[in-house]
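J.: Below is the file model-v4.csv, with CSV, C-alpha atoms and all ligand atoms.
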```csv
chain,number,residue,atom,x,y,z
M,1,MET,CA,90.9,83.4,101.2
M,2,GLU,CA,89.6,84.1,97.7
M,3,LYS,CA,89.3,87.9,97.0
M,4,SER,CA,85.5,87.9,96.3
M,5,SER,CA,84.5,85.9,99.4
M,6,SER,CA,86.9,88.0,101.4
M,7,ASN,CA,85.3,91.3,100.1
M,8,PHE,CA,81.8,89.9,100.8
M,9,LEU,CA,82.8,88.9,104.4
M,10,THR,CA,84.5,92.3,105.0
M,11,GLY,CA,81.3,94.1,103.9
M,12,LYS,CA,79.2,91.9,106.1
M,13,ILE,CA,81.3,92.5,109.2
M,14,ARG,CA,81.6,96.2,108.6
M,15,LYS,CA,77.8,96.4,108.6
M,16,ARG,CA,77.6,94.6,111.9
M,17,TYR,CA,79.9,97.1,113.5
M,18,ASP,CA,77.9,100.0,111.9
M,19,ARG,CA,74.9,98.4,113.5
M,20,ILE,CA,76.3,98.0,117.0
M,21,ALA,CA,78.1,101.3,117.1
M,22,PRO,CA,75.5,103.1,119.2
M,23,LEU,CA,75.7,100.4,121.8
M,24,TYR,CA,79.4,99.8,121.6
M,25,ASP,CA,80.6,101.9,124.6
M,26,PHE,CA,78.0,100.3,126.8
M,27,LEU,CA,79.0,96.7,125.7
M,28,ASP,CA,82.7,97.6,126.2
M,29,LYS,CA,82.1,98.5,129.9
M,30,VAL,CA,81.3,94.9,130.7
M,31,SER,CA,84.1,93.4,128.6
M,32,VAL,CA,87.4,95.4,128.5
M,33,PRO,CA,88.6,96.8,131.8
M,34,HIS,CA,90.1,100.3,131.6
M,35,TRP,CA,93.4,99.2,133.3
M,36,MET,CA,94.0,96.8,130.4
M,37,ARG,CA,93.7,99.6,127.8
M,38,LYS,CA,96.0,101.8,129.9
M,39,LYS,CA,98.6,99.1,130.2
M,40,ALA,CA,98.6,98.5,126.4
M,41,VAL,CA,98.5,102.2,125.3
M,42,ASN,CA,101.2,103.2,127.7
M,43,LEU,CA,103.7,101.2,125.7
M,44,ALA,CA,103.1,103.3,122.6
M,45,PHE,CA,105.6,105.9,121.4
M,46,GLY,CA,106.4,108.2,118.4
M,47,ALA,CA,104.3,108.0,115.3
M,48,VAL,CA,101.4,105.6,116.2
M,49,LEU,CA,98.9,103.8,114.0
M,50,GLU,CA,95.9,102.5,115.9
M,51,VAL,CA,94.0,100.0,113.7
M,52,GLY,CA,90.4,99.3,114.4
M,53,VAL,CA,90.1,102.3,116.6
M,54,GLY,CA,86.3,101.8,117.1
M,55,THR,CA,84.7,104.6,119.0
M,56,GLY,CA,88.1,105.8,120.2
M,57,LEU,CA,88.1,104.5,123.7
M,58,ASN,CA,92.0,104.4,123.7
M,59,LEU,CA,92.5,107.9,122.3
M,60,PRO,CA,92.5,109.8,125.7
M,61,LEU,CA,95.1,107.3,127.1
M,62,TYR,CA,98.1,107.9,124.7
M,63,PRO,CA,101.2,109.4,126.2
M,64,GLU,CA,101.8,113.0,125.2
M,65,ASN,CA,104.8,112.2,123.0
M,66,CYS,CA,102.6,110.2,120.6
M,67,ASP,CA,101.5,111.4,117.2
M,68,VAL,CA,98.4,109.3,116.6
M,69,THR,CA,96.8,108.2,113.3
M,70,ALA,CA,93.8,105.8,113.7
M,71,ILE,CA,91.8,103.8,111.2
M,72,ASP,CA,88.6,101.8,111.2
M,73,PHE,CA,86.6,100.3,108.3
M,74,SER,CA,83.2,101.1,110.0
M,75,PRO,CA,82.0,104.7,109.3
M,76,GLU,CA,79.6,104.6,112.3
M,77,MET,CA,82.4,103.5,114.7
M,78,LEU,CA,84.7,106.1,113.3
M,79,GLN,CA,82.1,108.9,113.6
M,80,ARG,CA,81.9,108.2,117.3
M,81,ALA,CA,85.7,108.3,117.6
M,82,ARG,CA,85.7,111.6,115.8
M,83,LEU,CA,83.1,113.1,118.2
M,84,ARG,CA,85.1,111.8,121.2
M,85,ALA,CA,88.3,113.4,119.9
M,86,GLU,CA,86.5,116.7,119.2
M,87,LYS,CA,84.8,116.8,122.6
M,88,MET,CA,88.1,116.0,124.4
M,89,SER,CA,90.3,118.1,122.2
M,90,ILE,CA,92.4,115.2,121.2
M,91,GLN,CA,94.8,115.6,118.2
M,92,VAL,CA,94.4,112.5,116.0
M,93,GLU,CA,94.1,111.8,112.3
M,94,LEU,CA,91.1,109.5,111.8
M,95,MET,CA,90.7,107.6,108.5
M,96,GLN,CA,88.3,105.1,107.1
M,97,MET,CA,90.5,102.1,106.0
M,98,ASP,CA,90.6,98.3,106.0
M,99,VAL,CA,93.5,96.9,108.0
M,100,GLN,CA,93.8,94.1,105.4
M,101,ASP,CA,94.8,96.7,102.8
M,102,LEU,CA,96.5,99.7,104.5
M,103,ASP,CA,97.1,102.8,102.4
M,104,PHE,CA,100.5,103.6,104.1
M,105,PRO,CA,104.0,103.1,102.8
M,106,ASP,CA,106.2,100.4,104.3
M,107,ASN,CA,108.0,101.3,107.6
M,108,SER,CA,105.8,104.3,108.4
M,109,PHE,CA,105.1,104.0,112.2
M,110,ASN,CA,107.1,103.5,115.4
M,111,THR,CA,104.1,101.8,117.0
M,112,VAL,CA,101.1,99.9,115.6
M,113,LEU,CA,98.5,99.2,118.2
M,114,ALA,CA,95.2,97.2,118.2
M,115,SER,CA,92.8,96.4,120.9
M,116,CYS,CA,90.1,93.7,120.4
M,117,VAL,CA,90.4,93.9,116.6
M,118,PHE,CA,91.9,90.7,115.3
M,119,CYS,CA,89.0,88.7,116.6
M,120,SER,CA,86.8,90.3,113.9
M,121,VAL,CA,89.1,91.1,110.9
M,122,PRO,CA,87.9,88.7,108.2
M,123,ASP,CA,91.4,87.6,107.3
M,124,PRO,CA,93.4,88.2,110.4
M,125,ILE,CA,96.7,86.9,109.0
M,126,LEU,CA,96.5,89.3,106.1
M,127,GLY,CA,95.7,92.2,108.5
M,128,LEU,CA,98.6,91.3,110.7
M,129,LYS,CA,100.9,91.1,107.7
M,130,GLU,CA,99.8,94.7,106.8
M,131,VAL,CA,100.5,95.8,110.4
M,132,ARG,CA,104.0,94.3,110.1
M,133,ARG,CA,104.6,96.0,106.8
M,134,VAL,CA,103.8,99.5,108.0
M,135,CYS,CA,105.6,99.2,111.2
M,136,LYS,CA,109.3,100.4,111.2
M,137,ASN,CA,111.9,97.7,111.6
M,138,ASP,CA,112.8,99.0,115.1
M,139,GLY,CA,109.2,99.7,115.9
M,140,LYS,CA,106.7,97.9,118.2
M,141,ILE,CA,103.4,96.1,117.6
M,142,ILE,CA,101.1,96.1,120.6
M,143,LEU,CA,98.1,93.8,120.6
M,144,LEU,CA,95.6,93.7,123.4
M,145,GLU,CA,93.4,90.8,122.2
M,146,HIS,CA,91.0,88.1,123.5
M,147,MET,CA,91.4,84.7,122.1
M,148,ARG,CA,90.3,81.0,122.4
M,149,SER,CA,91.2,79.5,125.7
M,150,GLU,CA,93.7,76.6,125.8
M,151,ASN,CA,91.5,75.1,128.5
M,152,TYR,CA,89.8,72.0,126.9
M,153,VAL,CA,86.2,72.7,128.2
M,154,LEU,CA,86.3,76.5,127.9
M,155,GLY,CA,87.8,76.2,124.4
M,156,LEU,CA,85.0,73.9,123.3
M,157,MET,CA,82.4,76.2,124.8
M,158,MET,CA,83.9,79.1,122.9
M,159,ASP,CA,83.7,77.1,119.7
M,160,LEU,CA,80.1,76.3,120.5
M,161,PHE,CA,78.9,79.8,121.2
M,162,ASN,CA,81.0,81.5,118.6
M,163,PRO,CA,78.5,81.4,115.7
M,164,LEU,CA,75.9,83.1,117.9
M,165,VAL,CA,78.2,85.8,119.3
M,166,SER,CA,79.8,86.6,116.0
M,167,ARG,CA,76.4,87.0,114.4
M,168,ILE,CA,75.2,89.4,117.0
M,169,ILE,CA,78.2,91.6,117.8
M,170,GLY,CA,80.6,90.9,114.9
M,171,ASN,CA,83.6,89.4,116.8
M,172,ASN,CA,84.8,85.8,117.1
M,173,ILE,CA,85.4,84.5,120.6
M,174,ASN,CA,87.4,81.5,119.5
M,175,ARG,CA,90.1,83.0,117.3
M,176,ARG,CA,93.7,81.6,117.8
M,177,THR,CA,95.2,85.0,117.6
M,178,LEU,CA,98.6,84.2,119.1
M,179,GLU,CA,99.0,81.5,116.4
M,180,ASN,CA,97.9,84.0,113.7
M,181,VAL,CA,100.5,86.5,115.0
M,182,ARG,CA,103.2,83.9,114.5
M,183,LYS,CA,101.7,82.9,111.1
M,184,ALA,CA,101.9,86.5,109.9
M,185,GLY,CA,105.6,86.4,110.6
M,186,LEU,CA,105.7,88.9,113.6
M,187,CYS,CA,108.5,88.4,116.0
M,188,ILE,CA,106.9,88.0,119.4
M,189,GLU,CA,108.8,89.7,122.2
M,190,ASN,CA,106.4,89.2,125.2
M,191,VAL,CA,103.0,87.7,125.9
M,192,GLU,CA,101.3,88.5,129.1
M,193,ASN,CA,98.0,86.9,130.3
M,194,LEU,CA,95.7,89.6,131.6
M,195,LYS,CA,92.5,87.7,132.3
M,196,GLY,CA,93.1,83.9,132.5
M,197,ASP,CA,94.6,82.8,129.2
M,198,ILE,CA,91.8,84.6,127.3
M,199,PHE,CA,92.9,88.3,127.3
M,200,LYS,CA,96.6,88.7,126.3
M,201,LEU,CA,98.9,91.6,125.8
M,202,ILE,CA,101.3,90.8,123.0
M,203,VAL,CA,104.3,92.9,122.3
M,204,ALA,CA,105.9,92.1,118.9
M,205,SER,CA,108.3,93.5,116.4
M,206,PRO,CA,108.1,93.2,112.6
T,301,LIG,C1,85.6,95.0,119.1
T,301,LIG,S1,85.8,96.5,118.2
T,301,LIG,C2,87.2,97.2,119.1
T,301,LIG,C3,87.3,98.7,119.0
T,301,LIG,C4,88.5,99.4,119.7
T,301,LIG,N1,89.7,98.9,119.3
T,301,LIG,C5,88.3,99.1,121.2
T,301,LIG,O1,89.3,98.6,121.8
T,301,LIG,O2,87.3,99.6,121.8
T,301,LIG,C6,86.6,96.0,116.7
T,301,LIG,C7,86.9,97.2,115.8
T,301,LIG,O3,87.7,96.7,114.7
T,301,LIG,C8,87.1,97.2,113.5
T,301,LIG,N2,87.5,96.4,112.4
T,301,LIG,C9,87.2,95.0,112.2
T,301,LIG,N3,87.8,94.6,111.1
T,301,LIG,C10,88.4,95.6,110.5
T,301,LIG,C11,89.1,95.8,109.3
T,301,LIG,N4,89.3,94.8,108.4
T,301,LIG,N5,89.7,97.0,109.1
T,301,LIG,C12,89.5,98.0,109.9
T,301,LIG,N6,88.8,98.0,111.1
T,301,LIG,C13,88.3,96.8,111.4
T,301,LIG,C14,85.6,97.3,113.7
T,301,LIG,O4,85.0,98.2,112.9
T,301,LIG,C15,85.6,97.7,115.2
T,301,LIG,O5,85.5,99.1,115.3
```
Take the structure from the file and write it as structure tokens.
Ligand SMILES: C[S@@+](CC[C@H](N)C(=O)[O-])C[C@H]1O[C@@H](n2cnc3c(N)ncnc32)[C@H](O)[C@@H]1O
T.:
Amino acid sequence: MEKSSSNFLTGKIRKRYDRIAPLYDFLDKVSVPHWMRKKAVNLAFGAVLEVGVGTGLNLPLYPENCDVTAIDFSPEMLQRARLRAEKMSIQVELMQMDVQDLDFPDNSFNTVLASCVFCSVPDPILGLKEVRRVCKNDGKIILLEHMRSENYVLGLMMDLFNPLVSRIIGNNINRRTLENVRKAGLCIENVENLKGDIFKLIVASP
């Protein structure tokens, strides 16, 4: 993607998340079951980077031995994560940053985790390459993501409704995230279907 159009799109999507931030926790209740988050976050260890932390719904779920840094490009989402962390006395370093251009050295984290993020990152392959770069060679990349169904009819419906959904809430319902993970060069260790073939838990290494 050309840099100027990518910057324009990034700004546009950031604004959408700023706009829906006050409603996000409510919308989440009907879309991402708590047990899925727990299952993903339980796999984290050591120095953790959570990308696209949103309002911080995963923060209370990290195992005690984790040292968590979390980023998001939306100041409004991040502000809610900050309030949640303060209210629940959770130790976390929160930073405003774009996953497509992470400000961390190579091989910085034992775990990089994202939940429902690569459906909205403007250039998901670039973002996943950044995730790969900052993850240690023996580290883990944990992705809890929804994606386009392989079912012919469902997949077509997702294509059909995607323009409307992405305009309203900022994420794409028809991203081929598993394919993007491969294209970014990540080494996939396990893929588990959590809700049909739409919600998947992907465990990968750099
Ligand atoms: C659907 S929300 C998921 C939030 C959170 N991970 C969760 O599970 O509740 C997607 C989040 O990714 C963030 N995001 C999207 N593109 C991003 C980017 N390029 N860099 C950083 N954050 C991004 C959005 O601001 C939003 O907070």
J.: So, counting all atoms listed in the file, which residue among M:Lys87, M:Leu160, M:Val92, M:Val121 is closest to ligand LIG 301 (chain T)?
T.: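 Looking at the shortest contact to ligand LIG 301 (chain T), the residue is M:Val121.
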J.: Can you work out which residues are within 6 Å of ligand LIG 301 (chain T), considering only C-alpha atoms and all ligand atoms, and then hand them over as a list in words?
T.: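 If we count only C-alpha atoms and all ligand atoms, the neighbours of ligand LIG 301 (chain T) turn out to be Arg14, Tyr17, Gly52, Val53, Gly54, Leu57, Asp72, Phe73, Ser74, Met77, Met97, Asp98, Val99, Gln100, Ala114, Ser115, Cys116, Val117, Ser120 and Val121 of chain M.
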J.: Give me the residues near Tyr24 in chain M as a compact mmCIF listing (two decimals) with C-alpha atoms, in the coordinates of the input, where near means some atom within 12 Å (using all atoms listed in the file) and where sequence neighbours in that chain fewer than 2 positions away do not count.
T.:
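Wrote around.txt, looks like this:
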```txt
# COMPACT_ATOMS: atom_id res chain seq x y z
CA ARG M 16 77.60 94.60 111.90
CA TYR M 17 79.90 97.10 113.50
CA ASP M 18 77.90 100.00 111.90
CA ARG M 19 74.90 98.40 113.50
CA ILE M 20 76.30 98.00 117.00
CA ALA M 21 78.10 101.30 117.10
CA PRO M 22 75.50 103.10 119.20
CA PHE M 26 78.00 100.30 126.80
CA LEU M 27 79.00 96.70 125.70
CA ASP M 28 82.70 97.60 126.20
CA LYS M 29 82.10 98.50 129.90
CA VAL M 30 81.30 94.90 130.70
CA SER M 31 84.10 93.40 128.60
CA VAL M 32 87.40 95.40 128.50
CA GLY M 54 86.30 101.80 117.10
CA THR M 55 84.70 104.60 119.00
CA GLY M 56 88.10 105.80 120.20
CA LEU M 57 88.10 104.50 123.70
CA GLU M 76 79.60 104.60 112.30
CA MET M 77 82.40 103.50 114.70
CA LEU M 78 84.70 106.10 113.30
CA ARG M 80 81.90 108.20 117.30
CA ALA M 81 85.70 108.30 117.60
CA ILE M 169 78.20 91.60 117.80
CA GLY M 170 80.60 90.90 114.90
```
J.: Can you measure CA of Asp103 in chain M to CA of Leu23 in chain M for me? One decimal in Å is fine.
T.: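 CA of Asp103 in chain M sits 29.0 Å away from CA of Leu23 in chain M.
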J.: When you look at Met88 in chain M with a cut-off of 9 Å (counting all atoms listed in the file), what residues show up, excluding the ones that are within fewer than 4 positions of it in the same chain? I need them as number ranges by chain.
T.: M: 60, 83-84
